[in-house]
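K.L.:
Just passing along the structure, written as structure tokens.
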Amino acid sequence: MTSDSSKEPAAPTPVVESEPDVRFTYANERTFLAWNRTALALIATGVAATQLLPKFGIAFGRRLLGLPLITLGAVIAITSYRYWQQNQTAMRRGQPIPRSPMPLVLSIGIGIIAIIAVLLGAFET
């Protein structure tokens, strides 16, 4: 029986990075800025909902509507940088761009907030 302990582990292959075409870098940045505009709009709408809407029949109705908007905006603002960075790294390495769950998160979040708004409106006194 021979021992494989004499074999050294293979050295990891170095990751080669190159500067991507500037148009792709700018497109990645525009996408990042668009996500942040969306986040800012959600946060501003949430603040407006908690402060400016008339009171609902439920004592905490405005907060029930506004706080999820603010939270969704915060999640998008925080995670958009991570996805910008992942895309930039993938472009530099010549790898496929990773898929982002952000559209799904945004769609589900807005759908839930819309259902909350409908329920609050339906039970308004």
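Ordering of the structure tokens sets the chain letters (A, B, ...), residue numbers begin anew at 1 in every chain, and ligands are numbered from 1 in the order given.
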Give me the residues near Leu64 in chain A as a list of chain:residue names, where near means some atom within 9 Å (using only C-alpha atoms) and where sequence neighbours in that chain fewer than 5 positions away do not count.

P.N.:
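Counting only C-alpha atoms, the residues come to A:Thr50, A:Ile113, A:Ile116, A:Ala117, A:Leu120.
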
K.L.:
Please dump the current selection as an mmCIF file, in the first residue's frame; keep N, CA and C atoms.

P.N.:
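Result went into out.cif, see below:
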```
data_model
loop_
_atom_site.group_PDB
_atom_site.id
_atom_site.type_symbol
_atom_site.label_atom_id
_atom_site.label_comp_id
_atom_site.auth_asym_id
_atom_site.auth_seq_id
_atom_site.Cartn_x
_atom_site.Cartn_y
_atom_site.Cartn_z
ATOM 1 N N THR A 50 -46.432 57.542 8.343
ATOM 2 C CA THR A 50 -46.542 57.559 9.806
ATOM 3 C C THR A 50 -46.870 58.940 10.346
ATOM 4 N N ILE A 113 -47.265 45.143 1.857
ATOM 5 C CA ILE A 113 -47.654 46.490 2.298
ATOM 6 C C ILE A 113 -48.973 46.898 1.651
ATOM 7 N N ILE A 116 -51.727 45.249 3.578
ATOM 8 C CA ILE A 116 -51.933 45.982 4.839
ATOM 9 C C ILE A 116 -52.758 47.236 4.590
ATOM 10 N N ALA A 117 -52.434 47.968 3.517
ATOM 11 C CA ALA A 117 -53.169 49.196 3.203
ATOM 12 C C ALA A 117 -54.638 48.897 2.894
ATOM 13 N N LEU A 120 -56.391 48.051 6.207
ATOM 14 C CA LEU A 120 -56.613 49.260 7.009
ATOM 15 C C LEU A 120 -57.737 50.113 6.429
#
```

K.L.:
Step one, run DSSP on the backbone; step two, keep only residues of chain A assigned to helix (DSSP H, G or I); then write them as number ranges by chain.

P.N.:
A: 4-6, 22-52, 61-93, 102-122

K.L.:
Just to be explicit: take each residue in the selection above, keep C-alpha atoms, and write the result as a compact mmCIF listing (two decimals), in the first residue's frame.

P.N.:
```txt
# COMPACT_ATOMS: atom_id res chain seq x y z
CA ASP A 4 -0.31 9.67 -0.48
CA SER A 5 1.18 11.80 2.29
CA SER A 6 4.18 12.59 0.07
CA VAL A 22 -15.97 51.28 -18.37
CA ARG A 23 -19.48 51.05 -19.85
CA PHE A 24 -20.19 47.96 -17.73
CA THR A 25 -18.81 49.67 -14.64
CA TYR A 26 -21.05 52.67 -15.25
CA ALA A 27 -24.06 50.42 -15.86
CA ASN A 28 -23.38 48.62 -12.58
CA GLU A 29 -23.16 51.98 -10.80
CA ARG A 30 -26.42 53.20 -12.37
CA THR A 31 -28.15 50.05 -11.15
CA PHE A 32 -26.77 50.62 -7.65
CA LEU A 33 -28.00 54.23 -7.70
CA ALA A 34 -31.44 53.15 -8.95
CA TRP A 35 -31.78 50.70 -6.03
CA ASN A 36 -30.83 53.51 -3.66
CA ARG A 37 -33.39 55.89 -5.20
CA THR A 38 -35.99 53.18 -4.69
CA ALA A 39 -34.86 52.74 -1.07
CA LEU A 40 -35.01 56.48 -0.44
CA ALA A 41 -38.51 56.68 -1.95
CA LEU A 42 -39.72 53.82 0.26
CA ILE A 43 -38.24 55.39 3.39
CA ALA A 44 -39.70 58.83 2.59
CA THR A 45 -43.11 57.27 1.88
CA GLY A 46 -42.96 55.35 5.16
CA VAL A 47 -42.13 58.51 7.11
CA ALA A 48 -44.93 60.37 5.35
CA ALA A 49 -47.38 57.55 6.10
CA THR A 50 -46.54 57.56 9.81
CA GLN A 51 -46.75 61.34 10.11
CA LEU A 52 -49.19 62.71 7.53
CA GLY A 61 -52.65 51.96 11.78
CA ARG A 62 -50.32 54.61 10.37
CA ARG A 63 -47.30 52.89 11.89
CA LEU A 64 -48.54 49.51 10.66
CA LEU A 65 -48.41 50.93 7.16
CA GLY A 66 -45.32 53.16 7.40
CA LEU A 67 -42.84 51.05 9.34
CA PRO A 68 -42.73 48.16 6.83
CA LEU A 69 -42.04 50.72 4.08
CA ILE A 70 -39.15 52.16 6.06
CA THR A 71 -37.82 48.69 6.84
CA LEU A 72 -38.02 47.58 3.21
CA GLY A 73 -36.20 50.74 2.14
CA ALA A 74 -33.48 50.12 4.72
CA VAL A 75 -33.01 46.51 3.58
CA ILE A 76 -32.68 47.60 -0.04
CA ALA A 77 -30.25 50.41 0.82
CA ILE A 78 -28.02 48.12 2.86
CA THR A 79 -27.98 45.16 0.50
CA SER A 80 -27.64 47.16 -2.74
CA TYR A 81 -23.99 47.88 -1.97
CA ARG A 82 -23.26 44.19 -1.50
CA TYR A 83 -24.75 43.35 -4.88
CA TRP A 84 -22.93 46.24 -6.56
CA GLN A 85 -19.67 44.89 -5.12
CA GLN A 86 -20.43 41.29 -6.17
CA ASN A 87 -21.21 42.42 -9.71
CA GLN A 88 -18.04 44.50 -9.90
CA THR A 89 -15.92 41.58 -8.67
CA ALA A 90 -17.53 39.19 -11.15
CA MET A 91 -16.89 41.59 -14.03
CA ARG A 92 -13.23 42.01 -13.00
CA ARG A 93 -12.78 38.23 -12.88
CA MET A 102 -33.70 42.15 -4.75
CA PRO A 103 -36.54 42.23 -7.33
CA LEU A 104 -38.26 39.34 -5.55
CA VAL A 105 -37.77 40.91 -2.11
CA LEU A 106 -39.10 44.25 -3.37
CA SER A 107 -42.12 42.66 -5.07
CA ILE A 108 -43.09 40.60 -2.04
CA GLY A 109 -42.53 43.54 0.32
CA ILE A 110 -44.67 45.93 -1.72
CA GLY A 111 -47.37 43.26 -2.10
CA ILE A 112 -47.53 42.74 1.67
CA ILE A 113 -47.65 46.49 2.30
CA ALA A 114 -50.46 46.82 -0.27
CA ILE A 115 -52.45 44.12 1.54
CA ILE A 116 -51.93 45.98 4.84
CA ALA A 117 -53.17 49.20 3.20
CA VAL A 118 -56.27 47.45 1.84
CA LEU A 119 -57.07 45.93 5.23
CA LEU A 120 -56.61 49.26 7.01
CA GLY A 121 -58.82 50.98 4.46
CA ALA A 122 -61.49 48.29 4.70
```

K.L.:
So how far away is CA of Pro96 in chain A from CA of Ser18 in chain A, in Å?

P.N.:
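A separation of 14.4 Å between them.
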